[in-house]
file final-v6.cif (mmCIF, C-alpha atoms and all ligand atoms)
data_my_file
loop_
_atom_site.label_atom_id
_atom_site.label_comp_id
_atom_site.auth_asym_id
_atom_site.auth_seq_id
_atom_site.Cartn_x
_atom_site.Cartn_y
_atom_site.Cartn_z
CA MET A 1 0.00 0.00 0.00
CA LYS A 2 1.31 3.46 -0.92
CA ILE A 3 0.75 6.11 1.73
CA LYS A 4 1.64 9.78 1.80
CA THR A 5 4.22 10.62 4.44
CA LYS A 6 5.96 13.85 5.28
CA LYS A 7 9.70 13.43 4.99
CA LEU A 8 11.98 14.75 7.73
CA VAL A 9 15.31 16.30 6.73
CA VAL A 10 17.68 17.35 9.52
CA ALA A 11 20.77 19.52 9.07
CA ASN A 12 23.56 18.75 11.52
CA TRP A 13 25.94 21.69 11.32
CA LYS A 14 28.35 20.28 13.93
CA ALA A 15 30.87 23.07 14.83
CA ASN A 16 30.18 24.98 11.59
CA PRO A 17 30.04 27.71 10.42
CA SER A 18 32.45 29.66 12.62
CA SER A 19 30.63 32.99 12.39
CA LEU A 20 27.07 33.93 13.36
CA LYS A 21 26.89 36.00 10.17
CA ASP A 22 27.45 32.89 8.04
CA ALA A 23 25.02 30.86 10.17
CA LYS A 24 22.34 33.51 9.56
CA ARG A 25 23.08 33.58 5.83
CA ILE A 26 22.87 29.78 5.43
CA LEU A 27 19.74 29.50 7.57
CA SER A 28 18.04 32.26 5.66
CA GLY A 29 18.76 30.37 2.40
CA ILE A 30 17.41 27.15 3.90
CA ARG A 31 14.26 28.93 5.12
CA LYS A 32 13.64 30.22 1.63
CA ALA A 33 14.20 26.76 0.14
CA ALA A 34 11.84 25.21 2.70
CA THR A 35 8.92 27.35 1.54
CA LYS A 36 8.78 25.28 -1.65
CA ALA A 37 9.36 21.88 -0.04
CA THR A 38 6.06 21.91 1.81
CA ASP A 39 5.90 18.14 2.28
CA VAL A 40 9.20 18.07 4.14
CA GLU A 41 9.68 18.85 7.81
CA VAL A 42 12.99 20.72 7.96
CA VAL A 43 15.14 20.86 11.09
CA VAL A 44 18.45 22.70 11.48
CA CYS A 45 20.76 21.92 14.41
CA PRO A 46 23.31 24.75 14.66
CA SER A 47 26.07 25.34 17.19
CA ILE A 48 24.58 25.87 20.66
CA LEU A 49 26.27 29.30 20.76
CA HIS A 50 24.28 30.46 17.72
CA LEU A 51 20.98 28.82 18.62
CA LEU A 52 19.27 31.72 20.43
CA ASP A 53 20.38 34.37 17.94
CA LEU A 54 19.07 32.23 15.11
CA LYS A 55 15.84 31.60 17.00
CA LYS A 56 15.27 35.37 17.16
CA THR A 57 15.22 35.51 13.35
CA GLN A 58 12.55 32.78 13.14
CA GLY A 59 9.65 34.99 11.96
CA ARG A 60 7.03 32.78 10.32
CA SER A 61 9.53 30.29 8.98
CA ARG A 62 8.57 26.63 9.20
CA VAL A 63 12.20 25.52 9.63
CA ILE A 64 12.55 24.12 13.14
CA LEU A 65 15.74 24.61 15.18
CA GLY A 66 17.17 21.67 17.08
CA ALA A 67 20.10 20.98 19.41
CA GLN A 68 23.09 18.75 18.71
CA ASP A 69 23.30 17.49 22.29
CA MET A 70 22.06 17.97 25.84
CA PHE A 71 23.37 17.04 29.27
CA THR A 72 22.32 13.91 31.16
CA GLU A 73 21.30 15.81 34.31
CA GLU A 74 19.14 18.77 35.18
CA GLY A 75 20.92 22.12 35.70
CA GLY A 76 23.62 22.47 38.35
CA ALA A 77 27.39 22.39 38.85
CA PHE A 78 28.28 20.82 35.51
CA THR A 79 30.91 22.94 33.79
CA GLY A 80 30.50 23.19 30.05
CA GLU A 81 27.11 21.47 29.84
CA VAL A 82 23.65 22.57 28.64
CA GLY A 83 20.66 21.19 30.55
CA TYR A 84 17.26 20.35 29.12
CA GLU A 85 15.53 23.27 30.89
CA ALA A 86 17.53 25.74 28.80
CA LEU A 87 16.43 23.92 25.64
CA LEU A 88 12.82 23.91 26.78
CA GLU A 89 12.95 27.64 27.48
CA ALA A 90 14.37 28.20 23.97
CA LYS A 91 11.44 26.11 22.63
CA ILE A 92 13.68 23.56 21.03
CA LYS A 93 11.86 20.43 19.87
CA TYR A 94 14.50 18.02 18.59
CA VAL A 95 17.76 16.95 20.25
CA ILE A 96 20.38 14.75 18.57
CA VAL A 97 21.52 11.93 20.86
CA GLY A 98 24.20 9.29 20.42
CA HIS A 99 25.93 10.76 17.38
CA SER A 100 29.05 8.69 16.64
CA GLU A 101 31.24 11.78 17.03
CA MET A 102 29.84 12.16 20.58
CA ARG A 103 30.16 8.45 21.31
CA ASP A 104 33.80 8.67 20.16
CA ARG A 105 34.38 11.45 22.66
CA GLY A 106 33.00 9.42 25.56
CA GLU A 107 29.19 9.47 25.45
CA THR A 108 28.20 6.07 26.85
CA ASP A 109 25.11 3.88 26.39
CA GLU A 110 24.19 4.87 29.94
CA ASP A 111 24.40 8.59 29.06
CA ILE A 112 22.29 8.00 25.97
CA SER A 113 19.62 6.12 27.90
CA LYS A 114 19.49 8.94 30.52
CA LYS A 115 19.22 11.59 27.80
CA MET A 116 16.42 9.67 26.05
CA ASP A 117 14.56 9.50 29.35
CA ILE A 118 14.92 13.24 30.15
CA ILE A 119 14.07 14.27 26.58
CA LEU A 120 10.93 12.15 26.40
CA ARG A 121 9.69 13.01 29.89
CA ASN A 122 9.92 16.71 29.06
CA GLY A 123 8.09 16.79 25.76
CA LEU A 124 11.16 16.96 23.49
CA SER A 125 11.94 14.54 20.66
CA PRO A 126 15.25 12.68 20.39
CA ILE A 127 16.98 12.02 17.10
CA LEU A 128 18.80 8.88 18.19
CA CYS A 129 21.83 8.02 16.05
CA ILE A 130 22.96 4.44 15.70
CA GLY A 131 25.52 2.95 13.33
CA GLU A 132 28.21 0.33 13.03
CA ARG A 133 31.89 1.17 12.60
CA SER A 134 32.41 -1.37 9.84
CA ARG A 135 30.55 -4.07 7.95
CA ASP A 136 31.40 -7.73 8.14
CA GLY A 137 30.24 -10.66 6.09
CA ALA A 138 28.92 -12.48 9.16
CA MET A 139 26.31 -9.76 9.81
CA GLU A 140 27.71 -9.01 13.24
CA TYR A 141 26.85 -5.38 12.60
CA LEU A 142 23.18 -6.22 13.09
CA GLY A 143 23.96 -7.47 16.61
CA PHE A 144 25.88 -4.25 17.22
CA LEU A 145 22.93 -2.11 16.07
CA LYS A 146 20.52 -4.18 18.14
CA ASN A 147 22.59 -3.60 21.25
CA GLN A 148 22.67 0.17 20.64
CA LEU A 149 18.88 0.17 20.30
CA VAL A 150 18.26 -2.03 23.34
CA GLN A 151 20.47 0.22 25.51
CA ALA A 152 18.93 3.46 24.24
CA PHE A 153 15.35 2.21 24.66
CA LYS A 154 15.98 0.80 28.15
CA ASN A 155 13.77 3.36 29.90
CA VAL A 156 11.43 4.26 27.06
CA PRO A 157 7.74 3.45 27.63
CA LYS A 158 5.83 2.24 24.57
CA ALA A 159 3.67 5.39 24.50
CA SER A 160 6.79 7.54 23.90
CA VAL A 161 8.08 5.53 20.92
CA PRO A 162 6.27 7.60 18.24
CA LYS A 163 8.15 10.72 19.45
CA ILE A 164 11.50 9.12 18.62
CA VAL A 165 13.38 9.60 15.37
CA ILE A 166 16.14 7.10 14.66
CA ALA A 167 18.99 8.06 12.37
CA TYR A 168 20.87 5.14 10.90
CA GLU A 169 24.35 6.53 10.38
CA PRO A 170 26.94 3.88 9.53
CA ILE A 171 30.23 5.35 10.77
CA TRP A 172 32.05 4.15 7.65
CA ALA A 173 29.78 6.41 5.56
CA ILE A 174 30.16 9.64 7.58
CA GLY A 175 32.43 12.59 6.89
CA ASN A 176 35.34 13.36 4.58
CA SER A 177 37.05 10.01 5.03
CA ALA A 178 33.98 8.04 3.87
CA LYS A 179 34.62 6.12 0.66
CA ARG A 180 30.91 5.80 -0.17
CA SER A 181 27.44 6.21 1.25
CA ALA A 182 25.23 3.19 2.02
CA THR A 183 23.30 1.58 -0.85
CA PRO A 184 19.47 1.59 -0.93
CA GLU A 185 19.50 -2.15 -0.17
CA GLU A 186 21.80 -1.69 2.84
CA ILE A 187 19.59 1.11 4.16
CA LYS A 188 16.40 -0.89 3.60
CA GLU A 189 17.80 -3.95 5.37
CA VAL A 190 18.62 -1.87 8.45
CA THR A 191 15.27 -0.06 8.53
CA ILE A 192 13.46 -3.41 8.51
CA PHE A 193 15.81 -4.66 11.21
CA ILE A 194 15.27 -1.56 13.40
CA LYS A 195 11.49 -1.99 13.20
CA ARG A 196 11.80 -5.67 14.09
CA VAL A 197 13.98 -4.94 17.12
CA ILE A 198 11.57 -2.28 18.36
CA GLY A 199 8.60 -4.60 17.76
CA ASP A 200 10.39 -7.30 19.81
CA LEU A 201 11.27 -4.85 22.58
CA TYR A 202 7.61 -4.03 23.09
CA ALA A 203 6.41 -7.54 22.28
CA THR A 204 4.12 -6.28 19.57
CA LYS A 205 3.62 -7.20 15.94
CA SER A 206 2.17 -3.77 15.16
CA ILE A 207 5.40 -1.82 15.06
CA PRO A 208 5.21 1.54 16.86
CA PRO A 209 5.48 4.27 14.21
CA VAL A 210 9.04 5.43 14.72
CA ARG A 211 10.57 7.52 11.94
CA ILE A 212 13.88 6.35 10.48
CA LEU A 213 16.39 8.63 8.76
CA TYR A 214 19.56 7.78 6.90
CA GLY A 215 22.75 9.79 7.48
CA GLY A 216 26.27 9.53 6.07
CA SER A 217 27.59 11.43 3.03
CA VAL A 218 24.08 12.41 1.92
CA SER A 219 24.25 14.61 -1.18
CA ALA A 220 21.70 15.82 -3.71
CA LYS A 221 23.01 13.55 -6.45
CA ASP A 222 22.04 10.38 -4.65
CA VAL A 223 19.09 11.06 -2.33
CA ALA A 224 16.60 9.79 -4.92
CA PHE A 225 18.69 6.62 -5.31
CA MET A 226 18.94 6.20 -1.51
CA MET A 227 15.16 6.41 -1.22
CA SER A 228 14.56 4.07 -4.15
CA ALA A 229 14.34 0.88 -2.09
CA GLY A 230 11.96 2.52 0.42
CA GLY A 231 11.91 2.29 4.20
CA ILE A 232 13.36 5.69 5.11
CA ASP A 233 11.51 8.78 6.25
CA GLY A 234 14.25 11.28 5.49
CA PHE A 235 17.87 12.23 6.05
CA LEU A 236 20.34 13.53 8.60
CA VAL A 237 22.72 15.69 6.60
CA GLY A 238 26.15 16.93 7.68
CA ARG A 239 28.45 18.64 5.17
CA ALA A 240 25.83 19.12 2.45
CA SER A 241 23.58 21.07 4.84
CA LEU A 242 26.07 23.97 4.91
CA ASP A 243 25.72 24.50 1.18
CA VAL A 244 22.36 26.17 0.54
CA LYS A 245 22.06 25.10 -3.11
CA GLU A 246 22.93 21.50 -2.29
CA PHE A 247 20.57 21.36 0.69
CA GLU A 248 17.80 22.98 -1.33
CA ALA A 249 18.15 20.23 -3.92
CA ILE A 250 17.97 17.58 -1.16
CA LEU A 251 14.76 19.19 0.14
CA ASN A 252 13.22 19.38 -3.32
CA ILE A 253 13.95 15.74 -4.16
CA SER A 254 12.67 14.60 -0.74
CA ASN A 255 9.56 16.67 -1.35
CA GLU A 256 8.86 14.95 -4.66
CA LYS A 257 9.30 11.47 -3.22
CA ASN A 258 6.90 11.71 -0.33
CA THR A 259 5.09 8.48 -0.92
CA ARG A 260 6.42 5.14 0.11
CA SER A 261 5.34 1.56 0.38
CA ARG A 262 4.49 0.11 3.76
P1 LIG B 301 28.04 13.86 6.61
O1 LIG B 301 27.71 13.80 8.18
O2 LIG B 301 26.76 14.09 5.89
O3 LIG B 301 29.00 15.00 6.48
O4 LIG B 301 28.67 12.53 6.25
C1 LIG B 301 26.53 13.20 8.65
C2 LIG B 301 26.50 13.22 10.15
O5 LIG B 301 27.55 13.06 10.79
O6 LIG B 301 25.43 13.40 10.76
#
call {"tool": "encode", "arguments": {"input": "final-v6.cif", "output": "C-alpha cells", "more": "lines below"}}
Ligand code: PGA
result
Amino acid sequence: MKIKTKKLVVANWKANPSSLKDAKRILSGIRKAATKATDVEVVVCPSILHLLDLKKTQGRSRVILGAQDMFTEEGGAFTGEVGYEALLEAKIKYVIVGHSEMRDRGETDEDISKKMDIILRNGLSPILCIGERSRDGAMEYLGFLKNQLVQAFKNVPKASVPKIVIAYEPIWAIGNSAKRSATPEEIKEVTIFIKRVIGDLYATKSIPPVRILYGGSVSAKDVAFMMSAGGIDGFLVGRASLDVKEFEAILNISNEKNTRSR
C-alpha cells in the first residue's frame, strides 16, 4: 500500500560555520528553500552558541531549530554542559543523541539512555543516532545495532516511541574520510531490522510508528537513489547542509518522493 508521508530532513551543522553571520546567511537560504518543499519537515541543528540568535530571526519560517546534544542531568554544577531546561525555554523540539562523534568522545550507552529519558519526559523529541563502525560478512553489525537500540530504549515506555526519530548513520559512511554512502538495499535492510527490534522490545507485531532517517555522506546527487528501495523517512545531513544550493536540492527531491510503500 502506498501512503503519503511527510519526509523529515535534519541539518547537523556540527561546529560549523564559525561565524554567526554565516550561520544567519545559510539558515536564511534554507528557510527560503523550505517554503517550496512543503511536504518536508525541515530541522536545522546549529552550534549551541548560535541557537538563540538564530531563533530570534525565526519569523514565520517553518524551519525548526534543534540541538546537537544535551546534558544527562538537570541544571547544576556541571561545567560546560547545557541542561534540558535551557532547551525547553528556547522552545527547542529536537535533540540529537548518540551521534558517533559524541560516542567517540566518551558518550556512553548509559548517558544515551538517561538523555532519552529526560528528553521524552519533558516533551522533546530525540533524534537517536545508531551505526556500526564497519561491515562484516557475518552480519555481526546487526547485533551491534541491536545492542545500541536495546540500551537506548531501556527506559522508554511504549507510549513515547512515536516521538522518537532514529537516524541510521553507519560510521564508515560519515564525513570526509567516507569512501561511499550506504546503498538503498543496505539502508532498507537496516530499517526493517530496526522496526523488528523495536517490535520485539515491546512484544508487539504492530510496530510503533518510529521515523527512520539515513545519514552519512548524503548529497543531492544520490538522495533519490537512496530512497529508491523505500523504508526511510528522510535524512540527517552533515556537510551538504552547509551548502544552501545542495541542501535545497535535497529538500526538493525529498519533497517529490513523499510516498512510500508500507
Ligand atoms: P556527513 O555527516 O553528511 O557529512 O557525512 C553526517 C552526520 O555526521 O550526521
call {"tool": "residues_near_ligand", "arguments": {"input": "final-v6.cif", "ligand": "ligand LIG 301 (chain B)", "cutoff": "10 Å", "atoms": "all atoms listed in the file", "output": "ChimeraX atom specification"}}
result
/A:10-14,68,96,99-101,129,167-178,180-181,214-219,235-242
call {"tool": "closest_atom_pairs", "arguments": {"input": "final-v6.cif", "of": "range 51-163 of chain A", "to": "range 193-206 of chain A", "cutoff": "8 Å", "atoms": "all atoms listed in the file", "output": "JSON lines"}}
result
{"residue": "A:Leu142", "atom": "CA", "partner": "A:Phe193", "partner_atom": "CA", "distance": 7.8}
{"residue": "A:Lys146", "atom": "CA", "partner": "A:Val197", "partner_atom": "CA", "distance": 6.7}
{"residue": "A:Leu149", "atom": "CA", "partner": "A:Val197", "partner_atom": "CA", "distance": 7.8}
{"residue": "A:Val150", "atom": "CA", "partner": "A:Leu201", "partner_atom": "CA", "distance": 7.6}
{"residue": "A:Lys158", "atom": "CA", "partner": "A:Tyr202", "partner_atom": "CA", "distance": 6.7}
call {"tool": "closest_residue", "arguments": {"input": "final-v6.cif", "among": "A:Ala152, A:Val63, A:Leu8, A:Cys45", "to": "Gly29 in chain A", "atoms": "all atoms listed in the file"}}
result
A:Val63
call {"tool": "closest_residue", "arguments": {"input": "final-v6.cif", "among": "A:Leu65, A:Val156, A:Val190, A:Leu27", "to": "Lys91 in chain A", "atoms": "all atoms listed in the file"}}
result
A:Leu65
call {"tool": "closest_residue", "arguments": {"input": "final-v6.cif", "among": "A:Val223, A:Thr35, A:Gly230, A:Arg121", "to": "Lys188 in chain A", "atoms": "all atoms listed in the file"}}
result
A:Gly230
call {"tool": "residues_around", "arguments": {"input": "final-v6.cif", "residues": "Glu41 in chain A", "least_positions_apart": "6", "cutoff": "7 Å", "atoms": "all atoms listed in the file", "output": "ChimeraX atom specification"}}
result
/A:6-9
call {"tool": "axis_aligned_box", "arguments": {"input": "final-v6.cif", "around": "range 241-249 of chain A", "padding_each_side": "3 Å", "output": "AutoDock Vina command-line options"}}
result
--center_x 21.9 --center_y 23.2 --center_z 0.5 --size_x 14.3 --size_y 11.9 --size_z 14.8
call {"tool": "atom_distance", "arguments": {"input": "final-v6.cif", "atom1": "CA of Ala220 in chain A", "atom2": "CA of Val40 in chain A"}}
result
14.9 Å
call {"tool": "atom_distance", "arguments": {"input": "final-v6.cif", "atom1": "CA of Ser113 in chain A", "atom2": "CA of Gly234 in chain A"}}
result
23.6 Å
call {"tool": "closest_residue", "arguments": {"input": "final-v6.cif", "among": "A:Thr108, A:Ser228, A:Asn122, A:Asn155", "to": "Glu185 in chain A", "atoms": "only C-alpha atoms"}}
result
A:Ser228
call {"tool": "atom_distance", "arguments": {"input": "final-v6.cif", "atom1": "CA of Arg135 in chain A", "atom2": "CA of Ile232 in chain A"}}
result
20.0 Å
call {"tool": "closest_residue", "arguments": {"input": "final-v6.cif", "among": "A:Leu120, A:Met139, A:Val97, A:Ile64", "to": "Pro157 in chain A", "atoms": "only C-alpha atoms"}}
result
A:Leu120
call {"tool": "closest_residue", "arguments": {"input": "final-v6.cif", "among": "A:Lys154, A:Arg62, A:Lys179, A:Lys221", "to": "Ile253 in chain A", "atoms": "only C-alpha atoms"}}
result
A:Lys221
call {"tool": "residues_around", "arguments": {"input": "final-v6.cif", "residues": "Glu256 in chain A", "least_positions_apart": "6", "cutoff": "12 Å", "atoms": "all atoms listed in the file", "output": "PyMOL selection string"}}
result
chain A and resi 4-7+36-40+223-224+227+249-250
call {"tool": "residues_around", "arguments": {"input": "final-v6.cif", "residues": "Ser47 in chain A", "least_positions_apart": "5", "cutoff": "10 Å", "atoms": "only C-alpha atoms", "output": "list in words"}}
result
Asn12, Trp13, Lys14, Ala15, Asn16, Pro17, Ser18, Leu20, Ala23, Leu52, Gly66, Ala67, Gln68 and Asp69 of chain A
call {"tool": "residues_around", "arguments": {"input": "final-v6.cif", "residues": "Glu81 in chain A", "least_positions_apart": "5", "cutoff": "10 Å", "atoms": "only C-alpha atoms", "output": "PyMOL selection string"}}
result
chain A and resi 69-76
